[in-house]
Structure formats: structure tokens, C-alpha cells
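Enquirer: Okay, so here is final22.cif, and as you'll see once you scroll down, it has mmCIF, C-alpha atoms and all ligand atoms.
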data_target
#
loop_
_atom_site.group_PDB
_atom_site.id
_atom_site.type_symbol
_atom_site.label_atom_id
_atom_site.label_comp_id
_atom_site.auth_asym_id
_atom_site.auth_seq_id
_atom_site.Cartn_x
_atom_site.Cartn_y
_atom_site.Cartn_z
ATOM 1 C CA ILE A 241 49.165 -82.647 66.352
ATOM 2 C CA GLU A 242 47.456 -80.964 63.412
ATOM 3 C CA PHE A 243 44.149 -82.416 64.495
ATOM 4 C CA VAL A 244 44.587 -81.122 68.086
ATOM 5 C CA LEU A 245 45.537 -77.702 66.719
ATOM 6 C CA PHE A 246 42.487 -77.763 64.478
ATOM 7 C CA LEU A 247 40.269 -78.585 67.477
ATOM 8 C CA GLU A 248 41.849 -75.772 69.511
ATOM 9 C CA VAL A 249 41.243 -73.228 66.752
ATOM 10 C CA LEU A 250 37.661 -74.429 66.468
ATOM 11 C CA LEU A 251 37.199 -74.050 70.225
ATOM 12 C CA LEU A 252 38.734 -70.583 70.165
ATOM 13 C CA MET A 253 36.413 -69.510 67.342
ATOM 14 C CA PHE A 254 33.417 -70.844 69.234
ATOM 15 C CA ASN A 255 34.485 -68.933 72.361
ATOM 16 C CA LEU A 256 34.969 -65.693 70.426
ATOM 17 C CA PHE A 257 31.570 -66.100 68.786
ATOM 18 C CA PHE A 258 29.934 -66.717 72.166
ATOM 19 C CA ILE A 259 31.708 -63.794 73.883
ATOM 20 C CA SER A 260 30.777 -61.373 71.081
ATOM 21 C CA LYS A 261 27.115 -62.481 71.342
ATOM 22 C CA VAL A 262 27.097 -61.868 75.094
ATOM 23 C CA LEU A 263 28.819 -58.486 74.685
ATOM 24 C CA ARG A 264 26.340 -57.382 72.010
ATOM 25 C CA LYS A 265 23.372 -58.346 74.171
ATOM 26 C CA LYS A 266 24.883 -56.555 77.115
ATOM 27 C CA HIS A 267 25.536 -53.514 74.929
ATOM 28 C CA LEU A 268 21.877 -53.197 74.047
ATOM 29 C CA LYS A 269 20.993 -53.088 77.713
ATOM 30 C CA ASP A 270 23.767 -50.576 78.328
ATOM 31 C CA VAL A 271 22.585 -47.833 75.952
ATOM 32 C CA HIS A 272 20.926 -46.040 78.810
ATOM 33 C CA LEU A 273 23.923 -46.512 81.088
ATOM 34 C CA GLN A 274 26.259 -45.240 78.383
ATOM 35 C CA GLN A 275 24.179 -42.072 77.999
ATOM 36 C CA VAL A 276 24.193 -41.537 81.732
ATOM 37 C CA SER A 277 27.906 -42.088 82.142
ATOM 38 C CA VAL A 278 28.708 -39.388 79.575
ATOM 39 C CA ARG A 279 26.308 -36.750 80.773
ATOM 40 C CA ARG A 280 26.808 -37.741 84.428
ATOM 41 C CA PHE A 281 23.241 -37.549 85.717
ATOM 42 C CA ALA A 282 20.310 -39.630 84.542
ATOM 43 C CA SER A 283 17.836 -37.104 83.190
ATOM 44 C CA PHE A 284 14.819 -35.006 84.031
ATOM 45 C CA ASN A 285 12.763 -38.180 83.643
ATOM 46 C CA LEU A 286 11.039 -37.092 80.445
ATOM 47 C CA PHE A 287 11.552 -40.109 78.155
ATOM 48 C CA SER A 288 11.697 -43.861 78.604
ATOM 49 C CA ILE A 289 13.998 -46.045 76.517
ATOM 50 C CA GLU A 290 12.780 -49.403 75.244
ATOM 51 C CA ASP A 291 15.024 -51.920 73.489
ATOM 52 C CA GLN A 292 14.047 -52.697 69.919
ATOM 53 C CA ASN A 293 16.260 -55.779 69.788
ATOM 54 C CA THR A 294 17.827 -54.484 66.582
ATOM 55 C CA GLU A 295 21.575 -54.359 66.813
ATOM 56 C CA GLU A 296 23.900 -53.232 64.057
ATOM 57 C CA GLU A 297 27.670 -53.004 63.717
ATOM 58 C CA THR A 298 27.821 -49.326 64.534
ATOM 59 C CA GLY A 299 24.521 -48.497 66.175
ATOM 60 C CA THR A 300 21.737 -49.646 68.431
ATOM 61 C CA TRP A 301 18.065 -48.943 67.815
ATOM 62 C CA VAL A 302 15.824 -47.995 70.727
ATOM 63 C CA GLN A 303 12.306 -46.658 71.123
ATOM 64 C CA TYR A 304 12.278 -43.252 72.853
ATOM 65 C CA ARG A 305 8.861 -42.620 74.399
ATOM 66 C CA SER A 306 7.598 -39.483 76.113
ATOM 67 C CA ILE A 307 6.675 -40.254 79.722
ATOM 68 C CA PHE A 308 4.202 -37.355 79.909
ATOM 69 C CA TYR A 309 2.717 -37.849 76.416
ATOM 70 C CA PRO A 310 3.164 -41.634 75.941
ATOM 71 C CA LYS A 311 1.392 -41.797 72.614
ATOM 72 C CA TYR A 312 4.458 -40.069 71.153
ATOM 73 C CA SER A 313 7.510 -42.227 70.551
ATOM 74 C CA VAL A 314 10.219 -42.496 67.893
ATOM 75 C CA SER A 315 12.861 -45.000 66.912
ATOM 76 C CA LEU A 316 16.321 -43.624 67.576
ATOM 77 C CA ARG A 317 19.692 -45.032 66.655
ATOM 78 C CA PHE A 318 22.593 -44.400 69.012
ATOM 79 C CA HIS A 319 26.199 -44.846 67.978
ATOM 80 C CA ASN A 320 27.755 -47.866 69.642
ATOM 81 C CA GLY A 321 30.568 -47.431 72.126
ATOM 82 C CA LEU A 322 33.257 -44.831 72.066
ATOM 83 C CA LEU A 323 34.282 -42.710 69.097
ATOM 84 C CA ASN A 324 37.088 -44.056 66.956
ATOM 85 C CA VAL A 325 40.307 -42.180 66.239
ATOM 86 C CA LYS A 326 39.221 -41.356 62.657
ATOM 87 C CA ASP A 327 36.020 -39.705 63.895
ATOM 88 C CA VAL A 328 37.904 -37.579 66.386
ATOM 89 C CA LEU A 329 40.602 -36.542 63.925
ATOM 90 C CA THR A 330 38.417 -35.869 60.904
ATOM 91 C CA SER A 331 35.303 -34.245 62.391
ATOM 92 C CA PHE A 332 35.195 -30.703 63.712
ATOM 93 C CA ASP A 333 32.942 -31.342 66.713
ATOM 94 C CA ASN A 334 31.761 -34.648 68.097
ATOM 95 C CA THR A 335 29.795 -33.512 71.130
ATOM 96 C CA GLY A 336 26.566 -34.478 69.350
ATOM 97 C CA ASN A 337 27.828 -38.024 68.687
ATOM 98 C CA VAL A 338 28.592 -39.050 72.257
ATOM 99 C CA CYS A 339 25.146 -38.819 73.837
ATOM 100 C CA LEU A 340 21.802 -37.075 73.736
ATOM 101 C CA TRP A 341 22.202 -34.098 76.082
ATOM 102 C CA PRO A 342 19.628 -33.129 78.752
ATOM 103 C CA SER A 343 18.781 -29.834 77.006
ATOM 104 C CA GLU A 344 17.745 -31.748 73.880
ATOM 105 C CA GLU A 345 15.348 -33.877 75.915
ATOM 106 C CA VAL A 346 13.935 -30.780 77.596
ATOM 107 C CA LEU A 347 13.483 -29.043 74.222
ATOM 108 C CA ALA A 348 11.796 -32.199 72.863
ATOM 109 C CA TYR A 349 9.439 -32.360 75.846
ATOM 110 C CA TYR A 350 8.672 -28.631 75.543
ATOM 111 C CA CYS A 351 7.841 -29.071 71.838
ATOM 112 C CA LEU A 352 5.433 -31.925 72.640
ATOM 113 C CA LYS A 353 3.789 -29.905 75.386
ATOM 114 C CA HIS A 354 3.290 -26.899 73.084
ATOM 115 C CA ASN A 355 2.874 -28.703 69.777
ATOM 116 C CA GLU A 356 0.008 -26.415 68.680
ATOM 117 C CA ILE A 357 2.450 -23.513 68.125
ATOM 118 C CA PHE A 358 3.960 -25.303 65.118
ATOM 119 C CA ARG A 359 0.773 -25.570 63.065
ATOM 120 C CA ASP A 360 1.476 -24.895 59.343
ATOM 121 C CA LEU A 361 4.964 -23.598 60.075
ATOM 122 C CA ALA A 362 8.417 -24.380 58.687
ATOM 123 C CA VAL A 363 10.751 -25.492 61.488
ATOM 124 C CA CYS A 364 14.504 -26.026 61.537
ATOM 125 C CA GLU A 365 16.579 -27.637 64.268
ATOM 126 C CA LEU A 366 20.222 -26.546 64.379
ATOM 127 C CA GLY A 367 22.993 -28.595 66.027
ATOM 128 C CA GLY A 368 20.572 -31.455 66.737
ATOM 129 C CA GLY A 369 23.361 -34.026 67.146
ATOM 130 C CA MET A 370 23.069 -37.711 66.223
ATOM 131 C CA THR A 371 19.294 -37.891 66.933
ATOM 132 C CA CYS A 372 17.695 -34.412 66.524
ATOM 133 C CA LEU A 373 15.122 -35.693 69.029
ATOM 134 C CA ALA A 374 13.342 -32.337 69.424
ATOM 135 C CA GLY A 375 12.777 -31.868 65.685
ATOM 136 C CA LEU A 376 11.517 -35.442 65.484
ATOM 137 C CA MET A 377 9.030 -34.766 68.279
ATOM 138 C CA VAL A 378 7.713 -31.777 66.322
ATOM 139 C CA ALA A 379 7.455 -33.963 63.218
ATOM 140 C CA ILE A 380 5.425 -36.700 64.957
ATOM 141 C CA SER A 381 3.135 -34.535 67.080
ATOM 142 C CA ALA A 382 2.413 -31.279 65.247
ATOM 143 C CA ASP A 383 0.478 -30.288 62.128
ATOM 144 C CA VAL A 384 3.669 -28.701 60.923
ATOM 145 C CA LYS A 385 4.391 -27.846 57.294
ATOM 146 C CA GLU A 386 8.029 -28.811 57.220
ATOM 147 C CA VAL A 387 10.777 -29.950 59.602
ATOM 148 C CA LEU A 388 14.450 -29.744 58.674
ATOM 149 C CA LEU A 389 16.857 -31.545 61.025
ATOM 150 C CA THR A 390 20.434 -30.315 60.845
ATOM 151 C CA ASP A 391 23.881 -30.528 62.370
ATOM 152 C CA GLY A 392 27.364 -29.577 61.202
ATOM 153 C CA ASN A 393 28.736 -33.060 61.818
ATOM 154 C CA GLU A 394 28.569 -35.551 58.944
ATOM 155 C CA LYS A 395 28.424 -38.676 61.107
ATOM 156 C CA ALA A 396 25.555 -37.232 63.152
ATOM 157 C CA ILE A 397 23.565 -36.417 60.002
ATOM 158 C CA LYS A 398 24.145 -39.872 58.489
ATOM 159 C CA ASN A 399 22.575 -41.273 61.652
ATOM 160 C CA VAL A 400 19.688 -38.793 61.495
ATOM 161 C CA ASN A 401 19.012 -39.822 57.859
ATOM 162 C CA GLU A 402 18.650 -43.437 58.954
ATOM 163 C CA ILE A 403 16.367 -42.410 61.807
ATOM 164 C CA ILE A 404 14.123 -40.455 59.421
ATOM 165 C CA THR A 405 13.879 -43.391 56.998
ATOM 166 C CA ARG A 406 12.975 -45.856 59.727
ATOM 167 C CA ASN A 407 10.304 -43.611 61.257
ATOM 168 C CA GLN A 408 8.960 -42.687 57.819
ATOM 169 C CA ASN A 409 8.563 -46.409 57.053
ATOM 170 C CA ALA A 410 6.752 -46.846 60.369
ATOM 171 C CA GLY A 411 4.375 -44.043 59.312
ATOM 172 C CA VAL A 412 4.778 -41.990 62.487
ATOM 173 C CA PHE A 413 5.290 -38.535 60.960
ATOM 174 C CA LYS A 414 2.463 -36.029 60.979
ATOM 175 C CA ALA A 415 4.599 -33.368 59.275
ATOM 176 C CA GLN A 416 4.077 -32.884 55.555
ATOM 177 C CA LYS A 417 7.845 -32.961 54.967
ATOM 178 C CA VAL A 418 10.721 -34.202 57.165
ATOM 179 C CA SER A 419 14.304 -34.014 55.937
ATOM 180 C CA SER A 420 17.840 -33.552 57.158
ATOM 181 C CA CYS A 421 21.080 -32.006 55.932
ATOM 182 C CA ILE A 422 24.492 -30.917 57.076
ATOM 183 C CA LEU A 423 24.186 -27.276 58.018
ATOM 184 C CA ARG A 424 27.207 -25.506 59.448
ATOM 185 C CA TRP A 425 26.418 -22.161 60.992
ATOM 186 C CA ASP A 426 29.747 -20.808 59.742
ATOM 187 C CA ASN A 427 29.310 -22.023 56.173
ATOM 188 C CA GLU A 428 28.056 -19.267 53.874
ATOM 189 C CA THR A 429 26.548 -21.652 51.301
ATOM 190 C CA ASP A 430 24.762 -23.779 53.900
ATOM 191 C CA VAL A 431 23.099 -20.719 55.413
ATOM 192 C CA SER A 432 22.428 -18.628 52.316
ATOM 193 C CA GLN A 433 20.509 -21.349 50.470
ATOM 194 C CA LEU A 434 17.922 -21.453 53.286
ATOM 195 C CA GLU A 435 17.884 -17.716 54.031
ATOM 196 C CA GLY A 436 14.529 -16.449 55.401
ATOM 197 C CA HIS A 437 12.920 -19.873 55.017
ATOM 198 C CA PHE A 438 11.868 -20.722 58.590
ATOM 199 C CA ASP A 439 9.189 -19.585 61.040
ATOM 200 C CA ILE A 440 10.872 -21.340 63.964
ATOM 201 C CA VAL A 441 14.529 -22.193 64.458
ATOM 202 C CA MET A 442 15.466 -24.172 67.543
ATOM 203 C CA CYS A 443 18.542 -25.614 69.173
ATOM 204 C CA ALA A 444 19.686 -27.276 72.391
ATOM 205 C CA ASP A 445 23.033 -26.999 74.158
ATOM 206 C CA CYS A 446 24.818 -25.259 71.306
ATOM 207 C CA LEU A 447 26.003 -22.062 73.008
ATOM 208 C CA PHE A 448 29.245 -23.214 74.613
ATOM 209 C CA LEU A 449 31.488 -23.275 71.521
ATOM 210 C CA ASP A 450 33.398 -19.983 71.668
ATOM 211 C CA GLN A 451 34.531 -20.076 68.045
ATOM 212 C CA TYR A 452 31.034 -20.691 66.636
ATOM 213 C CA ARG A 453 28.786 -18.616 68.933
ATOM 214 C CA ALA A 454 28.741 -15.545 66.684
ATOM 215 C CA SER A 455 28.061 -17.631 63.585
ATOM 216 C CA LEU A 456 25.211 -19.409 65.395
ATOM 217 C CA VAL A 457 23.573 -16.029 66.116
ATOM 218 C CA ASP A 458 24.104 -14.980 62.511
ATOM 219 C CA ALA A 459 22.715 -18.270 61.135
ATOM 220 C CA ILE A 460 19.583 -18.038 63.329
ATOM 221 C CA LYS A 461 18.992 -14.472 62.181
ATOM 222 C CA ARG A 462 19.394 -15.277 58.510
ATOM 223 C CA LEU A 463 17.421 -18.530 58.500
ATOM 224 C CA LEU A 464 14.384 -16.936 60.155
ATOM 225 C CA GLN A 465 11.773 -15.063 58.182
ATOM 226 C CA PRO A 466 11.140 -11.505 59.506
ATOM 227 C CA SER A 467 8.479 -12.453 62.079
ATOM 228 C CA GLY A 468 10.168 -15.757 62.983
ATOM 229 C CA LYS A 469 11.240 -16.872 66.450
ATOM 230 C CA ALA A 470 14.080 -18.953 67.816
ATOM 231 C CA MET A 471 13.640 -21.339 70.725
ATOM 232 C CA VAL A 472 16.914 -22.054 72.480
ATOM 233 C CA PHE A 473 17.526 -24.328 75.458
ATOM 234 C CA ALA A 474 20.945 -24.359 77.096
ATOM 235 C CA PRO A 475 22.555 -24.526 80.518
ATOM 236 C CA LEU A 476 24.578 -21.563 81.783
ATOM 237 C CA ARG A 477 27.904 -23.404 81.208
ATOM 238 C CA GLY A 478 29.907 -20.636 82.864
ATOM 239 C CA ASN A 479 29.296 -17.348 81.105
ATOM 240 C CA THR A 480 28.522 -18.882 77.713
ATOM 241 C CA LEU A 481 24.740 -18.400 77.778
ATOM 242 C CA ASN A 482 25.206 -14.743 78.746
ATOM 243 C CA GLN A 483 27.727 -14.255 75.971
ATOM 244 C CA PHE A 484 25.246 -15.691 73.469
ATOM 245 C CA CYS A 485 22.522 -13.325 74.745
ATOM 246 C CA ASN A 486 24.846 -10.324 74.390
ATOM 247 C CA LEU A 487 25.690 -11.253 70.801
ATOM 248 C CA ALA A 488 22.021 -11.903 69.968
ATOM 249 C CA GLU A 489 20.960 -8.510 71.359
ATOM 250 C CA LYS A 490 23.696 -6.795 69.357
ATOM 251 C CA ALA A 491 22.402 -8.615 66.264
ATOM 252 C CA GLY A 492 18.963 -7.053 66.802
ATOM 253 C CA PHE A 493 17.083 -9.821 68.632
ATOM 254 C CA SER A 494 14.874 -9.160 71.603
ATOM 255 C CA ILE A 495 15.269 -11.965 74.145
ATOM 256 C CA GLN A 496 12.928 -13.439 76.726
ATOM 257 C CA ARG A 497 14.873 -15.480 79.248
ATOM 258 C CA HIS A 498 12.996 -18.085 81.301
ATOM 259 C CA GLU A 499 14.397 -20.032 84.224
ATOM 260 C CA ASN A 500 11.091 -21.557 85.366
ATOM 261 C CA TYR A 501 9.208 -22.580 82.256
ATOM 262 C CA ASP A 502 7.722 -25.874 83.420
ATOM 263 C CA GLU A 503 6.539 -27.118 86.790
ATOM 264 C CA HIS A 504 7.789 -30.698 86.428
ATOM 265 C CA ILE A 505 11.252 -29.593 85.327
ATOM 266 C CA SER A 506 11.527 -26.966 88.094
ATOM 267 C CA ASN A 507 10.512 -29.547 90.723
ATOM 268 C CA PHE A 508 12.849 -32.171 89.336
ATOM 269 C CA HIS A 509 15.668 -29.632 89.253
ATOM 270 C CA SER A 510 15.133 -28.852 92.977
ATOM 271 C CA LYS A 511 15.070 -32.582 93.770
ATOM 272 C CA LEU A 512 18.305 -33.202 91.842
ATOM 273 C CA LYS A 513 19.989 -30.253 93.564
ATOM 274 C CA ASN A 514 19.128 -31.720 96.968
ATOM 275 C CA GLU A 515 19.496 -35.433 96.355
ATOM 276 C CA GLU A 516 22.158 -35.799 93.659
ATOM 277 C CA LYS A 517 24.739 -33.290 94.819
ATOM 278 C CA ASP A 518 27.633 -35.457 93.576
ATOM 279 C CA THR A 519 26.490 -35.735 89.978
ATOM 280 C CA TYR A 520 24.049 -32.896 89.279
ATOM 281 C CA GLU A 521 25.641 -29.553 88.484
ATOM 282 C CA GLU A 522 23.146 -26.808 87.867
ATOM 283 C CA ASN A 523 25.646 -24.818 85.816
ATOM 284 C CA LEU A 524 26.162 -27.702 83.367
ATOM 285 C CA HIS A 525 22.825 -29.471 83.498
ATOM 286 C CA TYR A 526 19.901 -27.125 84.077
ATOM 287 C CA PRO A 527 18.634 -25.735 80.748
ATOM 288 C CA PHE A 528 17.350 -22.166 80.540
ATOM 289 C CA LEU A 529 14.857 -21.267 77.832
ATOM 290 C CA LEU A 530 15.558 -18.304 75.535
ATOM 291 C CA ILE A 531 12.983 -17.033 73.049
ATOM 292 C CA LEU A 532 14.553 -14.796 70.419
ATOM 293 C CA THR A 533 12.441 -12.451 68.299
ATOM 294 C CA LYS A 534 13.783 -10.433 65.407
ATOM 295 C CA GLN A 535 13.462 -6.686 65.944
ATOM 296 C CA ARG A 536 15.014 -5.301 62.814
HETATM 297 C C1 LIG B 601 26.542 -30.447 72.733
HETATM 298 S S1 LIG B 601 26.096 -30.940 71.126
HETATM 299 C C2 LIG B 601 24.343 -30.853 71.254
HETATM 300 C C3 LIG B 601 23.689 -31.870 70.391
HETATM 301 C C4 LIG B 601 22.183 -31.999 70.656
HETATM 302 N N1 LIG B 601 21.522 -30.745 70.442
HETATM 303 C C5 LIG B 601 21.951 -32.495 72.062
HETATM 304 O O1 LIG B 601 21.732 -31.619 72.942
HETATM 305 O O2 LIG B 601 22.013 -33.713 72.300
HETATM 306 C C6 LIG B 601 26.456 -29.516 70.073
HETATM 307 C C7 LIG B 601 26.131 -29.811 68.617
HETATM 308 O O3 LIG B 601 26.414 -28.645 67.842
HETATM 309 C C8 LIG B 601 26.989 -29.053 66.604
HETATM 310 N N2 LIG B 601 27.829 -27.946 66.104
HETATM 311 C C9 LIG B 601 28.922 -27.420 66.687
HETATM 312 N N3 LIG B 601 29.432 -26.431 65.939
HETATM 313 C C10 LIG B 601 28.634 -26.345 64.836
HETATM 314 C C11 LIG B 601 28.658 -25.518 63.670
HETATM 315 N N4 LIG B 601 29.606 -24.592 63.478
HETATM 316 N N5 LIG B 601 27.686 -25.705 62.752
HETATM 317 C C12 LIG B 601 26.735 -26.652 62.931
HETATM 318 N N6 LIG B 601 26.670 -27.484 64.007
HETATM 319 C C13 LIG B 601 27.616 -27.323 64.944
HETATM 320 C C14 LIG B 601 27.794 -30.280 66.955
HETATM 321 O O4 LIG B 601 28.033 -31.101 65.830
HETATM 322 C C15 LIG B 601 26.923 -30.937 68.023
HETATM 323 O O5 LIG B 601 26.074 -31.900 67.482
#
Would you put the structure from the file into C-alpha cells?
Expert:
Amino acid sequence: IEFVLFLEVLLLMFNLFFISKVLRKKHLKDVHLQQVSVRRFASFNLFSIEDQNTEEETGTWVQYRSIFYPKYSVSLRFHNGLLNVKDVLTSFDNTGNVCLWPSEEVLAYYCLKHNEIFRDLAVCELGGGMTCLAGLMVAISADVKEVLLTDGNEKAIKNVNEIITRNQNAGVFKAQKVSSCILRWDNETDVSQLEGHFDIVMCADCLFLDQYRASLVDAIKRLLQPSGKAMVFAPLRGNTLNQFCNLAEKAGFSIQRHENYDEHISNFHSKLKNEEKDTYEENLHYPFLLILTKQR
């Protein structure tokens, strides 16, 4: 009996090993699907995702390549699967850990397209989530002085640190300095130690959090040097973009608001509106571009 039991346990272990292998393989292929299922529509077709066949316990590495500027690509690590209970209970905001949002891809594409504007400048991305894709695109394509990738979420920044190390080892950065840190817009120390340091501050899809909108405006204002500019991409998400603009104007920014800033994105937006009525919601998915300039 003991021998039969032993054989059964052995068989069970073999099955578990086999199933976990199959699931892991499948997971790698599902990174794209996972992204899509969270944000509900595929994308504006700006980046392709290639498997790197590197799987880890908690993350999956992929190569994110610009479709319009294919010589630019970075290794990104996405968190595997759903968030665990500890993450949800102990972090203040996990929206940057669940997927890479369309506005971030649009900001990244826009940075590649206009990479000459970053020459010799110090650039900071705020609320960049688990990848900070846009800041990375600046770092690989522009003759930029310095790129600081930030988010208020610890788990997101741990991931970004690993992404920086891997891309640094691959020698893809053009920027003289690329680093990352936790930066909470509502944390006095985080903001004051970088006060007036940046020529460009940028962020994507960060305007919807009612309790942090005012501190985001304040952080942008304080982080920028006097002639600095902020580049903000975000969907309307109800009245949240307007509320941000009102606060920014009150804080002394002049704002240029662009709905049509790129031909491909405008055309793709029209196509999605017509052909993907069930999944594409302009209010949630179409990013506007705001350029903020300090006036006083
Ligand atoms: C919707 S996510 C956008 C992430 C990324 N930009 C993207 O579009 O994929 C909003 C991000 O803002 C960050 N965030 C929210 N409140 C913040 C705060 N007070 N300080 C710093 N980051 C904050 C979150 O951690 C999250 O990564």
C-alpha cells in the first residue's frame, strides 16, 4: 500500500509540475490579453509586444517596440496576474500596477515623435506606474540630460528599478542619467527636495484622483524651474480633466489644450468610435494633451 501511495504522490507531483509549466507558458502569451482585458480596448496601435521568454515568479519581461519608430524598443516587466490582498490593503493606489494605460502609450509615442524638444533638459515623469514607459522612451531616444521616473506606489517603483537596470545593462539609454524614486505629490519632503529642478514634467492619466488633484498641480508647479513646461495626457474621465485645468489656472499656469495633436491618433480614434462601439469609450479612453506653462 505504501508503495502505491508513493507512486500516486509521485504522479501527482509530476502532474502539478506539468500543469504549472503549461500555465506559465500560457501566461507569457497572455500579457497582451491581460492588458487589454483591464483597459477594455486594445490600444491606439502604437507599440508591439514581443515575448522575451524570461518568466519570473512575479513578473513577465517583454520587449515593447514603437510601431512608428521601430528602432526604439525597451524591455518592460509587467506584474503577473491579479494583485494580491496585501498589495491592495497596504498600498494607497494600485491603478498603475494593473496595466499600462492608453494615455501612457500616447505620451510615450508623442515623446518619440518630438524627441528633439528634450535636448539637454532635465525631465521628470510623475505617476508613471509600473513601467514609466514615456520616460523610458525619452531616455532611449533623446539627447536628454537627465530622466527621473517616479510614482507614489512602492511596488510600481520597485518594478521600474528593475526595468532601468535591465535596459542599462543592454546599453539602450541615450540619456546621461536615468533614475527612479518614489515621489508622492502630496508628500512635502518628496517634492521639496527636487524643487525647481526640472525643465519638463510629464504625466499620463493622473487627473482622476479627486483627493490628489490639487497636490498634483502643486507638485508640477514646484518641481518645474521658472520657464519649465508640463506635458499632460489624460482622457476627460467625466469632469476630472476640466477640474484639473481649473486648479492649474488658479495656480498660475497658462494652459494649451489640444484634442487633435496627431493625425494617426485622431484617425484611429474615429475608427474606434465607429467600429468598436462596445468597448471604446471616448470619455475614458481618448487622451487630450495639455501643455502647462508657468506664468508667475
Ligand atoms: C491610472 S495610473 C497611471 C499610470 C501610468 N501613467 C499609466 O498611464 O499607465 C495613476 C498613477 O498615479 C499614481 N498616483 C496616484 N496618486 C499619487 C500621488 N499622490 N503621488 C504620486 N503618484 C500617485 C498611481 O500610483 C498610479 O501609478
Enquirer: Enumerate as a ChimeraX atom specification the residues within 9 Å of ligand LIG 601 (chain B), counting only C-alpha atoms and all ligand atoms.
Expert: /A:331-345,347,365-374,390-396,422-427,443-449,451-453,455-456,473-474
Enquirer: Quick one: pull the distance between atom CA of Ile460 of chain A and atom CA of His437 of chain A, Å, one decimal.
Expert: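 Atom-to-atom, atom CA of Ile460 of chain A to atom CA of His437 of chain A, that is 10.8 Å.
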Enquirer: Excluding segment 484-492 of chain A and residues on its chain fewer than 5 positions from it, collect all residues at most 7 Å away from it, counting all atoms listed in the file, and give them as a list of chain:residue names.
Expert: A:Leu447, A:Arg453, A:Ala454, A:Val457, A:Lys534, A:Gln535, A:Arg536
Enquirer: Output C-alpha atoms for every residue in that selection, as a PDB file, in the coordinates of the input.
Expert:
ATOM      1  CA  LEU A 447      26.003 -22.062  73.008  1.00  0.00           C
ATOM      2  CA  ARG A 453      28.786 -18.616  68.933  1.00  0.00           C
ATOM      3  CA  ALA A 454      28.741 -15.545  66.684  1.00  0.00           C
ATOM      4  CA  VAL A 457      23.573 -16.029  66.116  1.00  0.00           C
ATOM      5  CA  LYS A 534      13.783 -10.433  65.407  1.00  0.00           C
ATOM      6  CA  GLN A 535      13.462  -6.686  65.944  1.00  0.00           C
ATOM      7  CA  ARG A 536      15.014  -5.301  62.814  1.00  0.00           C
TER       8      ARG A 536
END
Enquirer: Any idea what's packed within 8 Å of Glu499 of chain A, counting only C-alpha atoms, ignoring anything in its chain fewer than 2 positions away? Could you give it as a PDB file with C-alpha atoms, in the coordinates of the input?
Expert:
ATOM      1  CA  ARG A 497      14.873 -15.480  79.248  1.00  0.00           C
ATOM      2  CA  TYR A 501       9.208 -22.580  82.256  1.00  0.00           C
ATOM      3  CA  PRO A 527      18.634 -25.735  80.748  1.00  0.00           C
ATOM      4  CA  PHE A 528      17.350 -22.166  80.540  1.00  0.00           C
ATOM      5  CA  LEU A 529      14.857 -21.267  77.832  1.00  0.00           C
TER       6      LEU A 529
END
Enquirer: Name the closest residue to Leu434 of chain A among the candidates A:Val363, A:Val418, A:Ala470, A:Leu352; distances are taken between atoms, counting all atoms listed in the file.
Expert: A:Val363
Enquirer: Do a neighbour search on Ser288 of chain A at 9 Å with all atoms listed in the file, toss out local chain neighbours closer than 2 positions, and write the hits as a ChimeraX atom specification.
Expert: /A:285-286,290,303-307
Enquirer: Include C-alpha atoms and write out the residues we just selected as a PDB file, keeping the file's coordinate frame.
Expert:
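again.pdb was written with the following content:
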ATOM      1  CA  ASN A 285      12.763 -38.180  83.643  1.00  0.00           C
ATOM      2  CA  LEU A 286      11.039 -37.092  80.445  1.00  0.00           C
ATOM      3  CA  GLU A 290      12.780 -49.403  75.244  1.00  0.00           C
ATOM      4  CA  GLN A 303      12.306 -46.658  71.123  1.00  0.00           C
ATOM      5  CA  TYR A 304      12.278 -43.252  72.853  1.00  0.00           C
ATOM      6  CA  ARG A 305       8.861 -42.620  74.399  1.00  0.00           C
ATOM      7  CA  SER A 306       7.598 -39.483  76.113  1.00  0.00           C
ATOM      8  CA  ILE A 307       6.675 -40.254  79.722  1.00  0.00           C
TER       9      ILE A 307
END
Enquirer: How far is it from atom CA of Gln433 of chain A to atom CA of Gly468 of chain A, in Å with one decimal?
Expert: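 For atom CA of Gln433 of chain A relative to atom CA of Gly468 of chain A, the distance reads 17.2 Å.
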Enquirer: So what do you get for atom CA of Val384 of chain A versus atom CA of Glu356 of chain A, distance-wise?
Expert: 8.9 Å
Enquirer: Could you write out as JSON the box around segment 408-424 of chain A (axis-aligned, all atoms listed in the file, 5 Å on each side), with centre and edge lengths in Å to one decimal?
Expert:
{"center_x": 14.8, "center_y": -36.2, "center_z": 58.7, "size_x": 34.7, "size_y": 31.3, "size_z": 17.5}
Enquirer: Can you give me, as a VMD selection string, the residues this file yields under the PyMOL selection byres (((chain A and resi 399) around 9) and not hetatm)?
Expert: chain A and resid 299 316 to 319 370 to 371 394 to 398 400 to 404
Enquirer: Extract, using only C-alpha atoms, all DNA, RNA and protein residues at most 12 Å from Phe438 of chain A, discarding same-chain residues fewer than 5 positions from it, and format them as a PyMOL selection string.
Expert: chain A and resi 358+360-366+384-388+431+433+459-470
Enquirer: Taking the file as shown, find all residues satisfying the PyMOL selection byres (((chain A and resi 382) around 7) and not hetatm) and write them as number ranges by chain.
Expert: A: 355-356, 358-359, 378-381, 383-384, 414-415
Enquirer: Selected residues, C-alpha atoms, written as a PDB file, keeping the file's coordinate frame, please.
Expert:
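The resulting file, result_30.pdb, is shown below:
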ATOM      1  CA  ASN A 355       2.874 -28.703  69.777  1.00  0.00           C
ATOM      2  CA  GLU A 356       0.008 -26.415  68.680  1.00  0.00           C
ATOM      3  CA  PHE A 358       3.960 -25.303  65.118  1.00  0.00           C
ATOM      4  CA  ARG A 359       0.773 -25.570  63.065  1.00  0.00           C
ATOM      5  CA  VAL A 378       7.713 -31.777  66.322  1.00  0.00           C
ATOM      6  CA  ALA A 379       7.455 -33.963  63.218  1.00  0.00           C
ATOM      7  CA  ILE A 380       5.425 -36.700  64.957  1.00  0.00           C
ATOM      8  CA  SER A 381       3.135 -34.535  67.080  1.00  0.00           C
ATOM      9  CA  ASP A 383       0.478 -30.288  62.128  1.00  0.00           C
ATOM     10  CA  VAL A 384       3.669 -28.701  60.923  1.00  0.00           C
ATOM     11  CA  LYS A 414       2.463 -36.029  60.979  1.00  0.00           C
ATOM     12  CA  ALA A 415       4.599 -33.368  59.275  1.00  0.00           C
TER      13      ALA A 415
END
Enquirer: Would you mind telling me which residue in A:Val346, A:Ser313, A:His509, A:His525 lies nearest to Gly411 of chain A when using all atoms listed in the file?
Expert: A:Ser313
Enquirer: Residues picked by the PyMOL selection byres (((chain A and resi 508) around 12) and not hetatm) here, as a list of chain:residue names?
Expert: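 Applied to this file, the PyMOL selection byres (((chain A and resi 508) around 12) and not hetatm) selects A:Ala282, A:Ser283, A:Phe284, A:Asn285, A:Leu286, A:Val346, A:Asn500, A:Asp502, A:Glu503, A:His504, A:Ile505, A:Ser506, A:Asn507, A:His509, A:Ser510, A:Lys511, A:Leu512, A:Lys513, A:Asn514, A:Glu515, A:Glu516, A:Tyr520, A:Glu522, A:His525, A:Tyr526.
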